[in-house]
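Structure file protein05.txt with compact mmCIF, C-alpha atoms:
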```txt
# COMPACT_ATOMS: atom_id res chain seq x y z
CA MET A 1 -19.70 -22.31 6.41
CA LEU A 2 -18.57 -18.76 7.09
CA ARG A 3 -21.28 -16.15 7.73
CA VAL A 4 -20.22 -12.66 6.65
CA ILE A 5 -22.20 -10.11 8.63
CA ASP A 6 -22.54 -6.32 8.69
CA THR A 7 -24.45 -3.77 10.74
CA GLU A 8 -25.39 -0.14 10.15
CA THR A 9 -25.94 1.96 13.26
CA CYS A 10 -27.23 5.23 14.68
CA GLY A 11 -23.63 6.33 15.19
CA LEU A 12 -20.33 5.18 16.61
CA ASP A 13 -21.94 4.63 20.02
CA GLY A 14 -24.31 1.97 18.68
CA GLY A 15 -27.99 1.48 17.99
CA VAL A 16 -28.43 -1.00 15.13
CA VAL A 17 -30.61 0.21 12.22
CA GLU A 18 -29.79 -2.55 9.74
CA ILE A 19 -28.25 -6.01 9.78
CA ALA A 20 -27.36 -8.23 6.83
CA SER A 21 -25.31 -11.29 6.00
CA VAL A 22 -24.19 -13.62 3.24
CA ASP A 23 -22.69 -17.09 3.61
CA LEU A 24 -19.48 -18.35 2.07
CA VAL A 25 -19.99 -22.04 1.34
CA ALA A 26 -17.49 -24.06 -0.71
CA GLY A 27 -16.09 -20.79 -2.04
CA GLU A 28 -19.47 -19.46 -3.22
CA ILE A 29 -21.39 -16.46 -1.82
CA VAL A 30 -24.95 -17.59 -1.04
CA ASN A 31 -27.96 -17.04 1.24
CA PRO A 32 -28.24 -13.24 1.45
CA MET A 33 -30.33 -11.93 4.36
CA SER A 34 -31.08 -8.37 5.52
CA ASP A 35 -33.39 -6.56 7.95
CA LEU A 36 -34.05 -2.95 8.80
CA ILE A 37 -34.15 -2.50 12.57
CA SER A 38 -35.98 -0.11 14.88
CA PRO A 39 -33.12 1.24 17.02
CA ASP A 40 -33.09 2.08 20.72
CA ARG A 41 -32.02 5.68 20.10
CA PRO A 42 -32.29 8.42 17.44
CA ILE A 43 -30.27 8.07 14.25
CA SER A 44 -27.61 10.76 14.09
CA ILE A 45 -27.48 13.06 11.09
CA GLU A 46 -23.85 12.01 10.57
CA ALA A 47 -24.90 8.35 10.33
CA MET A 48 -27.79 9.14 7.97
CA ALA A 49 -25.35 10.98 5.70
CA ILE A 50 -23.33 7.76 5.39
CA HIS A 51 -25.92 4.98 5.09
CA HIS A 52 -29.01 7.06 4.12
CA ILE A 53 -31.27 5.12 6.51
CA THR A 54 -33.83 7.55 7.96
CA GLU A 55 -36.15 7.44 10.95
CA GLU A 56 -39.10 6.96 8.55
CA MET A 57 -37.47 3.86 7.03
CA VAL A 58 -37.14 2.10 10.39
CA GLU A 59 -40.46 3.18 11.87
CA GLY A 60 -42.42 0.08 12.86
CA LYS A 61 -39.53 -2.29 12.17
CA PRO A 62 -38.61 -4.94 14.77
CA ARG A 63 -35.95 -4.53 17.42
CA ILE A 64 -32.66 -6.35 16.88
CA ALA A 65 -33.56 -8.95 19.53
CA LYS A 66 -36.55 -10.04 17.41
CA VAL A 67 -34.56 -10.82 14.24
CA ILE A 68 -31.09 -11.77 15.44
CA GLY A 69 -32.04 -15.43 15.82
CA ARG A 70 -32.09 -16.03 12.08
CA TYR A 71 -28.49 -14.84 11.82
CA HIS A 72 -27.34 -17.43 14.36
CA GLY A 73 -26.18 -20.89 13.35
CA SER A 74 -22.69 -20.46 11.95
CA PRO A 75 -19.50 -21.68 13.64
CA TYR A 76 -17.73 -18.55 12.32
CA TYR A 77 -18.87 -14.94 11.84
CA VAL A 78 -16.87 -12.63 9.58
CA ALA A 79 -16.95 -8.83 9.61
CA HIS A 80 -14.81 -5.95 8.42
CA ASN A 81 -13.65 -4.52 11.77
CA ALA A 82 -15.28 -7.39 13.64
CA ALA A 83 -14.79 -5.80 17.05
CA PHE A 84 -17.37 -3.13 16.13
CA ASP A 85 -20.04 -5.46 14.73
CA ARG A 86 -19.57 -7.97 17.53
CA ALA A 87 -20.19 -5.22 20.07
CA MET A 88 -23.39 -4.17 18.27
CA LEU A 89 -25.03 -7.61 18.33
CA PRO A 90 -26.50 -9.85 21.00
CA GLU A 91 -24.48 -12.92 21.82
CA MET A 92 -23.45 -14.85 18.72
CA HIS A 93 -22.43 -18.45 19.37
CA GLY A 94 -19.38 -18.74 17.15
CA ARG A 95 -15.85 -17.44 16.67
CA TRP A 96 -15.28 -14.13 14.92
CA ILE A 97 -13.00 -13.40 11.98
CA CYS A 98 -11.92 -9.82 11.19
CA THR A 99 -11.07 -9.06 7.56
CA VAL A 100 -9.32 -5.82 8.57
CA LYS A 101 -6.82 -7.77 10.67
CA LEU A 102 -6.41 -10.40 7.98
CA ALA A 103 -5.90 -7.80 5.25
CA ARG A 104 -3.23 -6.01 7.29
CA GLN A 105 -1.21 -9.21 7.32
CA ALA A 106 -2.02 -10.40 3.80
CA PHE A 107 -1.73 -7.02 2.01
CA PRO A 108 0.60 -4.66 3.93
CA GLY A 109 0.94 -1.04 2.91
CA LEU A 110 -2.66 -0.41 1.83
CA LYS A 111 -5.56 1.49 3.34
CA TYR A 112 -8.04 -0.91 4.87
CA SER A 113 -11.54 0.41 4.35
CA ASN A 114 -13.81 -2.03 2.53
CA GLN A 115 -14.13 0.15 -0.54
CA HIS A 116 -10.42 0.97 -0.76
CA LEU A 117 -9.54 -2.73 -0.62
CA ARG A 118 -12.24 -3.52 -3.16
CA TYR A 119 -10.60 -1.30 -5.77
CA ALA A 120 -6.97 -1.72 -4.71
CA LEU A 121 -7.28 -5.50 -5.01
CA ARG A 122 -9.65 -5.31 -8.01
CA LEU A 123 -12.13 -7.59 -6.32
CA LYS A 124 -14.90 -9.03 -8.44
CA VAL A 125 -18.01 -8.21 -6.45
CA GLU A 126 -21.38 -9.30 -7.82
CA VAL A 127 -23.85 -7.21 -5.83
CA PRO A 128 -27.61 -7.41 -6.50
CA GLU A 129 -29.03 -4.39 -8.30
CA GLY A 130 -30.30 -1.57 -6.12
CA LEU A 131 -27.69 -1.89 -3.36
CA TYR A 132 -24.99 0.66 -2.66
CA PRO A 133 -22.04 1.18 -0.28
CA HIS A 134 -22.69 1.61 3.44
CA ARG A 135 -25.84 -0.48 3.34
CA ALA A 136 -25.40 -3.67 5.30
CA LEU A 137 -26.07 -6.20 2.53
CA TYR A 138 -23.88 -4.40 -0.01
CA ASP A 139 -21.01 -4.25 2.46
CA SER A 140 -21.51 -7.93 3.30
CA TYR A 141 -20.96 -8.84 -0.36
CA VAL A 142 -17.78 -6.74 -0.51
CA THR A 143 -16.44 -8.28 2.69
CA ALA A 144 -17.24 -11.78 1.39
CA ALA A 145 -15.32 -11.06 -1.84
CA LEU A 146 -12.40 -9.76 0.23
CA LEU A 147 -12.49 -12.91 2.35
CA GLN A 148 -12.42 -15.06 -0.79
CA ARG A 149 -9.29 -13.23 -1.99
CA ILE A 150 -7.57 -13.49 1.38
CA MET A 151 -8.20 -17.23 1.53
CA GLN A 152 -6.97 -17.69 -2.05
CA GLU A 153 -3.78 -15.71 -1.40
CA THR A 154 -2.89 -17.16 2.01
CA GLY A 155 -4.47 -20.59 2.25
CA TRP A 156 -5.55 -19.80 5.81
CA SER A 157 -8.24 -22.02 7.29
CA ALA A 158 -11.21 -20.61 9.20
CA GLU A 159 -9.58 -21.64 12.46
CA GLU A 160 -6.32 -19.92 11.53
CA MET A 161 -8.19 -16.74 10.58
CA ALA A 162 -10.05 -16.77 13.89
CA ASP A 163 -6.74 -17.23 15.73
CA ILE A 164 -5.27 -14.22 13.88
CA THR A 165 -8.34 -12.17 14.76
CA GLU A 166 -7.96 -12.94 18.44
CA GLN A 167 -4.32 -11.81 18.55
CA PRO A 168 -3.37 -8.11 18.81
CA VAL A 169 -2.01 -6.53 15.64
CA LEU A 170 0.88 -4.09 15.40
CA LEU A 171 -0.56 -0.89 13.92
CA ARG A 172 1.51 1.36 11.66
CA THR A 173 -0.05 4.83 11.88
CA MET A 174 -1.79 7.03 14.42
CA LYS A 175 -5.56 7.01 13.87
CA PHE A 176 -6.41 10.09 15.96
CA GLY A 177 -4.93 12.89 18.04
CA LYS A 178 -2.33 15.49 17.20
CA TYR A 179 -0.16 12.97 15.37
CA ARG A 180 -2.96 11.48 13.31
CA GLY A 181 -1.63 9.94 10.09
CA ARG A 182 1.99 9.80 11.25
CA PRO A 183 3.90 6.52 11.71
CA ILE A 184 3.63 5.37 15.32
CA GLU A 185 7.27 4.28 15.29
CA THR A 186 8.30 7.85 14.41
CA VAL A 187 6.10 9.34 17.14
CA ALA A 188 7.63 6.92 19.65
CA GLN A 189 11.08 8.22 18.75
CA GLU A 190 10.19 11.92 18.74
CA ASP A 191 7.59 12.17 21.51
CA PRO A 192 7.42 9.00 23.63
CA ALA A 193 5.82 10.98 26.46
CA TYR A 194 2.73 11.45 24.31
CA LEU A 195 2.38 7.70 23.81
CA ARG A 196 2.83 7.10 27.53
CA TRP A 197 0.12 9.70 28.18
CA MET A 198 -2.21 7.85 25.79
CA LEU A 199 -1.68 4.57 27.63
CA LYS A 200 -2.31 6.18 31.00
CA SER A 201 -5.18 8.52 30.12
CA ILE A 202 -7.29 6.95 27.36
CA ASP A 203 -9.32 4.11 28.84
CA ASP A 204 -10.99 2.93 25.62
CA LEU A 205 -7.88 2.37 23.50
CA SER A 206 -8.36 -0.65 21.27
CA PRO A 207 -6.36 -3.77 22.22
CA ASP A 208 -4.40 -3.35 18.98
CA MET A 209 -3.46 0.26 19.79
CA ARG A 210 -2.53 -0.59 23.38
CA TYR A 211 -0.37 -3.48 22.16
CA THR A 212 1.28 -1.23 19.55
CA LEU A 213 2.09 1.57 21.99
CA ASN A 214 3.61 -0.86 24.47
CA HIS A 215 5.62 -2.43 21.67
CA TYR A 216 7.19 0.85 20.54
CA LEU A 217 7.76 2.10 24.10
CA ALA A 218 9.51 -1.10 25.20
CA PRO A 219 13.19 -0.55 26.06
```
Have the structure of the file written as structure tokens, please.
Amino acid sequence: MLRVIDTETCGLDGGVVEIASVDLVAGEIVNPMSDLISPDRPISIEAMAIHHITEEMVEGKPRIAKVIGRYHGSPYYVAHNAAFDRAMLPEMHGRWICTVKLARQAFPGLKYSNQHLRYALRLKVEVPEGLYPHRALYDSYVTAALLQRIMQETGWSAEEMADITEQPVLLRTMKFGKYRGRPIETVAQEDPAYLRWMLKSIDDLSPDMRYTLNHYLAP
């Protein structure tokens, strides 16, 4: 069993407002679960504009610690950008699989948001009526359909996908800063001092970005 899980939050700094999951069992998407969560901080306006979960909707709902137990029990947890969802949740006893990392290897040259991959790969996603993008259960269905396609195309086992997730990935483009959107290889050739500054000065660089910068700066 693979449990595909998604969280919606108060913002990029955390505070879970919704959690949901579906299971992938013998190639079928089953066992949908979802809960609205009372967060430990206010919901930012920016976050509300994305997922449309308001303070009124989560008033009186349980804290994440009260509901997380029913999402336990899988040897593998799958998420789109698993590093983010893993950081949002209490300890989950299982290995994590990241569909962003898998998609980068399986389908190079695309954009890797859930919705872009859904349409670029023409995924067949059967989502229950009344759900929409950026709600946790909807996104869980899309991620599960993406996982199905990745497994069909590559033949990777769950263990192989977890191993890929745990290895750093070579990124292609800058995600932020003055060179945002430009190929990192080109920036390394034209302004290597900027990449060295990033490594020295930005403490919270992702492992993938740190690995990529070191790769392109290597003699």
| request: Using only C-alpha atoms, determine which residues lie at most 8 Å from Leu137 in chain A, disregarding the query and same-chain residues fewer than 4 positions distant; provide the list as JSON, numbers by chain. | output: {"A": [6, 19, 20, 21, 22, 32, 33, 34, 131, 141]}
| note | From the list A:Thr99, A:Leu217, A:Ala188, A:His52, the nearest residue to Glu166 in chain A using only C-alpha atoms is A:Thr99
| task | Enumerate, as an MDAnalysis selection string, the protein, DNA and RNA residues whose atoms approach (-8.7, -17.9, 7.1) to within 12 Å, taking into account only C-alpha atoms and the coordinate frame of the file. | result | chainID A and resid 1:2 24 76:78 95:99 101:103 105:106 144 146:165
| field | Given all atoms listed in the file as the counted atoms, nearest of A:Val67, A:Met57, A:Val4, A:Ile45 to Asp139 in chain A | value | A:Val4
| message | Report, in Å with one decimal, the straight-line distance from CA of Gly181 in chain A to CA of Gly14 in chain A. | response |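 We find that CA of Gly181 in chain A and CA of Gly14 in chain A lie 25.5 Å from each other.
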| field | Protein and nucleic acid residues near (-36.4, -0.8, 10.4) (cut-off 7 Å, all atoms listed in the file) as a PyMOL selection string | value | chain A and resi 17-18+35-38+57-62
